[in-house]
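> I'd like to ask some things about the structure below.
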Amino acid sequence: MDAIVPKAEAAELALFRDTVRRFLGDHVVPHIATWRQAGMVSRAAWREAGRAGLLCASVPAEYGGGGGDFRHEAVIIEELARIGFGDFAIPLHNAIIAPYIVHYGTAAQKRRYLPAMASGEMIAAIAMTEPDAGSDLQAMRTRAVREGDHFVIHGQKTFISNGQLADLVIVAAKTRADAGGKGISLIAVETTAPGFRRGRNLEKIGKHAQDTSELFFDEVRVPAENLLGGVPDQGFVQLMRQLPQERLVIAVGAVAAMEAAVAETIAYTENRRAFGKALFEFQNTRFVLAEAATVARVARVFVDDCIGKLCAGTLDVATAAMAKYWTSDVQGKVIDACQQLFGGYGYMAEYPIAHRYTDARVQRIYGGANEIMKELIARSLGGEKKR
């Protein structure tokens, strides 16, 4: 990312990176194994991240945030990828959920939620996916019915990250059942509300310390003032406007994970010996790593360009879809190739490459499946425009 940042800003970002790296080294790395066993990061770690200034880094300072921009969020994403622990869902909290409140929240909603999110007192989740509605958000069945000064929410969500820890859930629900995407609203639900239930912490093949849950809304009553932005039926538009940034979050993580995997594999193959010489001295090893390093470099250039466009307000839907689809796709291929060079050790959970391998798989699914990304890209092409 340094190539796209002016020198003065680069120095400030470098200091921020040092802060993030020290925090992760002191407060995260020693606990990774424990949190994976527990199935979630501790709530205390979230509060420590808040005190260190890692939460809501791009939220305006007037609401308790860091006053930065997406480049600061990218630093956090990259440093979490460097240690192989994207399970700590700070990027979700910071760069996916907080922007909905910043861009669309009322003044009262911003004052109520953002400072608490910045301090770590309030952990946030966003609930879009349902058992029968994933990438097709218009098919959701969760309903929010206006009754006087309240909305009554009934429905079920699944695969919700931060689901076990969340104090605040931004819920996508139908406020007009017969209007398709035009009848969706986003409503802030505090998890102390009567009728809210958490299901089990879902078992996954990767990201074992990321709590991912089913959530149930059994006639949950929330004040009408919790409607994000105060105007109903705006949720689909709000979601579509923010999804490019969510997809770039995924792409940044993919690039950083590839870079880390290549570096770890170079170090391993330089020290591991077979048939009397280092693995790195074999032509196959060198060629595999040359290919992997090239893909990672190309991905870095593309994603850095996307970051620049996002900060300038010019990142379009199709380009964000390209970034998400392609980087997550090649992430899986690069890490698979790197894991192969570890031999049997690459299959052992004590080696970071094993976690990188399983963690990478979900990248092609969430944020919109890669097949949907290709459809979005295709719609932007000439043939689609002519029809």
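Going through the structure tokens in order, the chains are called A, B, and so on, while each chain numbers its residues from 1 and the ligands are numbered from 1 in the order shown.
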Kindly provide the residues of region 114-143 of chain A that approach region 160-182 of chain A to within 8 Å, each paired with its closest atom pair and their distance in Å to one decimal, based on only C-alpha atoms, listed by chain and increasing number, as CSV.

```
residue,atom,partner,partner_atom,distance
A:Met122,CA,A:Asp167,CA,5.4
A:Ile123,CA,A:Ala166,CA,4.8
A:Ala124,CA,A:Leu168,CA,4.8
A:Ala125,CA,A:Val169,CA,4.7
A:Ile126,CA,A:Ile170,CA,4.6
A:Ala127,CA,A:Val171,CA,4.8
A:Met128,CA,A:Ala172,CA,5.4
A:Thr129,CA,A:Ile160,CA,7.4
A:Leu137,CA,A:Gly181,CA,7.5
A:Gln138,CA,A:Gly181,CA,4.8
A:Ala139,CA,A:Gly180,CA,7.4
A:Met140,CA,A:Ala173,CA,7.3
A:Arg141,CA,A:Lys174,CA,7.0
A:Thr142,CA,A:Ala173,CA,5.0
A:Arg143,CA,A:Lys174,CA,4.7
```
> With C-alpha atoms retained, write the just-selected residues as a PDB file, in the first residue's frame.

```
ATOM      1  CA  MET A 122     -20.246  -2.599  22.127  1.00  0.00           C
ATOM      2  CA  ILE A 123     -19.300  -5.308  19.626  1.00  0.00           C
ATOM      3  CA  ALA A 124     -21.222  -5.149  16.368  1.00  0.00           C
ATOM      4  CA  ALA A 125     -22.563  -7.643  13.845  1.00  0.00           C
ATOM      5  CA  ILE A 126     -24.602  -7.340  10.674  1.00  0.00           C
ATOM      6  CA  ALA A 127     -27.330  -9.872   9.928  1.00  0.00           C
ATOM      7  CA  MET A 128     -28.141 -10.320   6.251  1.00  0.00           C
ATOM      8  CA  THR A 129     -27.843 -14.033   5.461  1.00  0.00           C
ATOM      9  CA  LEU A 137     -30.775 -10.728  -0.387  1.00  0.00           C
ATOM     10  CA  GLN A 138     -34.143  -9.945  -1.919  1.00  0.00           C
ATOM     11  CA  ALA A 139     -35.292 -13.444  -0.928  1.00  0.00           C
ATOM     12  CA  MET A 140     -34.958 -12.783   2.809  1.00  0.00           C
ATOM     13  CA  ARG A 141     -37.973 -13.654   4.960  1.00  0.00           C
ATOM     14  CA  THR A 142     -37.238 -11.760   8.174  1.00  0.00           C
ATOM     15  CA  ARG A 143     -40.038  -9.239   8.734  1.00  0.00           C
TER      16      ARG A 143
END
```
> Output as a PyMOL selection string all residues of region 241-324 of chain A that backbone DSSP marks as alpha helix (DSSP H).
chain A and resi 241-271+283-312+317-324
> Region 238-254 of chain A: which residues within 9 Å, counting only C-alpha atoms, same-chain residues fewer than 6 positions away excluded, as an NGL selection string?
:A and (70 or 73-74 or 77-78 or 80-81 or 86 or 91-92 or 95-96 or 99-100 or 103-104 or 185-186 or 299-300 or 303-304 or 306-307 or 310 or 315-321 or 323-332 or 360 or 363 or 366-368)
> Once you have the residues from the selection above, write them out as a CSV table (one decimal), in the first residue's frame, restricted to N, CA and C atoms.

```csv
chain,number,residue,atom,x,y,z
A,70,PHE,N,-10.0,4.5,5.0
A,70,PHE,CA,-9.9,3.1,4.7
A,70,PHE,C,-8.4,2.6,4.7
A,73,GLU,N,-7.8,1.2,8.0
A,73,GLU,CA,-8.4,-0.2,8.1
A,73,GLU,C,-7.6,-1.2,7.4
A,74,ALA,N,-7.1,-0.8,6.2
A,74,ALA,CA,-6.3,-1.8,5.4
A,74,ALA,C,-5.0,-2.2,6.2
A,77,ILE,N,-6.2,-4.9,8.6
A,77,ILE,CA,-6.5,-6.1,7.9
A,77,ILE,C,-5.2,-6.8,7.5
A,78,GLU,N,-4.2,-6.1,7.0
A,78,GLU,CA,-2.9,-6.6,6.6
A,78,GLU,C,-2.2,-7.2,7.8
A,80,LEU,N,-3.4,-8.3,10.7
A,80,LEU,CA,-4.1,-9.6,11.1
A,80,LEU,C,-3.8,-10.7,10.2
A,81,ALA,N,-3.7,-10.5,8.9
A,81,ALA,CA,-3.3,-11.5,8.0
A,81,ALA,C,-1.9,-11.9,8.2
A,86,GLY,N,-7.2,-13.8,11.0
A,86,GLY,CA,-8.4,-13.0,10.6
A,86,GLY,C,-9.6,-13.3,11.5
A,91,PRO,N,-11.9,-5.9,11.3
A,91,PRO,CA,-12.3,-5.3,10.1
A,91,PRO,C,-13.8,-5.4,9.8
A,92,LEU,N,-14.5,-6.4,10.2
A,92,LEU,CA,-16.0,-6.4,10.1
A,92,LEU,C,-16.6,-5.3,10.9
A,95,ALA,N,-14.8,-1.7,9.4
A,95,ALA,CA,-14.8,-1.3,7.9
A,95,ALA,C,-16.1,-1.7,7.2
A,96,ILE,N,-16.9,-2.6,7.9
A,96,ILE,CA,-18.1,-3.0,7.2
A,96,ILE,C,-19.3,-2.5,8.0
A,99,PRO,N,-19.4,1.8,9.0
A,99,PRO,CA,-19.8,2.7,7.9
A,99,PRO,C,-21.3,2.9,7.7
A,100,TYR,N,-22.0,1.8,7.9
A,100,TYR,CA,-23.5,2.0,7.8
A,100,TYR,C,-24.0,3.0,8.7
A,103,HIS,N,-22.6,6.6,7.6
A,103,HIS,CA,-23.2,7.2,6.4
A,103,HIS,C,-24.7,7.3,6.4
A,104,TYR,N,-25.3,6.5,7.2
A,104,TYR,CA,-26.8,6.5,7.1
A,104,TYR,C,-27.5,6.7,8.4
A,185,SER,N,-35.3,-2.9,5.0
A,185,SER,CA,-34.8,-1.8,5.8
A,185,SER,C,-33.7,-2.4,6.7
A,186,LEU,N,-32.8,-1.5,7.2
A,186,LEU,CA,-31.8,-1.9,8.2
A,186,LEU,C,-32.2,-1.4,9.6
A,299,ALA,N,-1.5,-9.0,-7.6
A,299,ALA,CA,-2.7,-8.7,-6.7
A,299,ALA,C,-2.5,-7.5,-5.9
A,300,ARG,N,-1.3,-7.3,-5.3
A,300,ARG,CA,-1.0,-6.1,-4.5
A,300,ARG,C,-1.2,-4.9,-5.3
A,303,VAL,N,-5.0,-4.3,-6.0
A,303,VAL,CA,-5.8,-3.9,-4.8
A,303,VAL,C,-5.4,-2.6,-4.2
A,304,ASP,N,-4.1,-2.2,-4.3
A,304,ASP,CA,-3.7,-0.9,-3.9
A,304,ASP,C,-4.4,0.2,-4.8
A,306,CYS,N,-7.3,-0.2,-6.1
A,306,CYS,CA,-8.7,-0.1,-5.7
A,306,CYS,C,-8.8,0.7,-4.4
A,307,ILE,N,-7.8,0.5,-3.5
A,307,ILE,CA,-7.8,1.3,-2.2
A,307,ILE,C,-7.8,2.8,-2.6
A,310,LEU,N,-11.2,3.8,-3.8
A,310,LEU,CA,-12.2,3.9,-2.8
A,310,LEU,C,-12.0,5.2,-2.0
A,315,LEU,N,-14.4,4.0,-6.6
A,315,LEU,CA,-14.4,2.6,-6.8
A,315,LEU,C,-15.8,2.1,-7.2
A,316,ASP,N,-15.9,1.5,-8.4
A,316,ASP,CA,-17.2,1.1,-8.9
A,316,ASP,C,-17.5,-0.3,-8.5
A,317,VAL,N,-18.8,-0.7,-8.6
A,317,VAL,CA,-19.3,-2.0,-8.2
A,317,VAL,C,-18.5,-3.1,-8.9
A,318,ALA,N,-18.4,-3.0,-10.2
A,318,ALA,CA,-17.7,-4.1,-11.0
A,318,ALA,C,-16.3,-4.3,-10.7
A,319,THR,N,-15.5,-3.2,-10.5
A,319,THR,CA,-14.1,-3.3,-10.1
A,319,THR,C,-14.0,-3.9,-8.7
A,320,ALA,N,-14.8,-3.5,-7.8
A,320,ALA,CA,-14.8,-4.1,-6.4
A,320,ALA,C,-15.1,-5.6,-6.5
A,321,ALA,N,-16.0,-6.0,-7.4
A,321,ALA,CA,-16.3,-7.4,-7.6
A,321,ALA,C,-15.2,-8.2,-8.2
A,323,ALA,N,-12.0,-7.4,-7.8
A,323,ALA,CA,-11.0,-7.5,-6.7
A,323,ALA,C,-11.3,-8.6,-5.8
A,324,LYS,N,-12.6,-8.7,-5.4
A,324,LYS,CA,-13.0,-9.8,-4.4
A,324,LYS,C,-12.9,-11.1,-5.1
A,325,TYR,N,-13.5,-11.3,-6.3
A,325,TYR,CA,-13.5,-12.6,-6.9
A,325,TYR,C,-12.1,-13.1,-7.2
A,326,TRP,N,-11.3,-12.2,-7.9
A,326,TRP,CA,-10.0,-12.7,-8.4
A,326,TRP,C,-9.0,-12.9,-7.2
A,327,THR,N,-8.9,-12.0,-6.3
A,327,THR,CA,-7.9,-12.2,-5.2
A,327,THR,C,-8.2,-13.3,-4.3
A,328,SER,N,-9.5,-13.5,-4.0
A,328,SER,CA,-9.9,-14.7,-3.2
A,328,SER,C,-9.6,-16.0,-3.9
A,329,ASP,N,-9.8,-16.0,-5.2
A,329,ASP,CA,-9.6,-17.2,-6.0
A,329,ASP,C,-8.1,-17.6,-6.0
A,330,VAL,N,-7.3,-16.6,-6.3
A,330,VAL,CA,-5.9,-16.9,-6.4
A,330,VAL,C,-5.3,-17.1,-5.0
A,331,GLN,N,-5.9,-16.5,-4.0
A,331,GLN,CA,-5.4,-16.7,-2.6
A,331,GLN,C,-5.5,-18.2,-2.3
A,332,GLY,N,-6.6,-18.9,-2.7
A,332,GLY,CA,-6.7,-20.3,-2.5
A,332,GLY,C,-5.6,-21.1,-3.2
A,360,ALA,N,-8.7,-19.7,4.1
A,360,ALA,CA,-8.9,-19.1,2.8
A,360,ALA,C,-10.2,-19.5,2.1
A,363,GLN,N,-13.3,-17.2,1.8
A,363,GLN,CA,-13.1,-15.9,1.1
A,363,GLN,C,-13.9,-15.9,-0.2
A,366,TYR,N,-18.2,-15.7,1.3
A,366,TYR,CA,-18.9,-14.5,1.9
A,366,TYR,C,-18.6,-13.2,1.2
A,367,GLY,N,-19.4,-12.2,1.5
A,367,GLY,CA,-19.3,-11.0,0.8
A,367,GLY,C,-19.9,-11.0,-0.6
A,368,GLY,N,-20.7,-12.1,-0.8
A,368,GLY,CA,-21.2,-12.4,-2.2
A,368,GLY,C,-20.3,-13.5,-2.8
```
> Check the DSSP output for the backbone and give back, as a PyMOL selection string, the residues of region 24-232 of chain A in strand (DSSP E).
chain A and resi 124-127+143-147+150-161+168-174+184-190+196-201+212-223
> Please list as number ranges by chain every residue within 8 Å of region 343-357 of chain A, counting only C-alpha atoms and excluding residues in the same chain fewer than 4 positions away.
A: 84, 206-207, 257, 261, 264, 332, 335-336, 338-339, 361
> Can you pull out the residues contacting region 12-23 of chain A? Cut-off 7 Å, using only C-alpha atoms, and skip same-chain residues under 2 positions away; I want them as a ChimeraX atom specification.
/A:8-10,25-27,72,75-76,79
> Between CA of Phe287 (chain A) and CA of Asn370 (chain A), what is the distance, to one decimal in Å?
28.1 Å
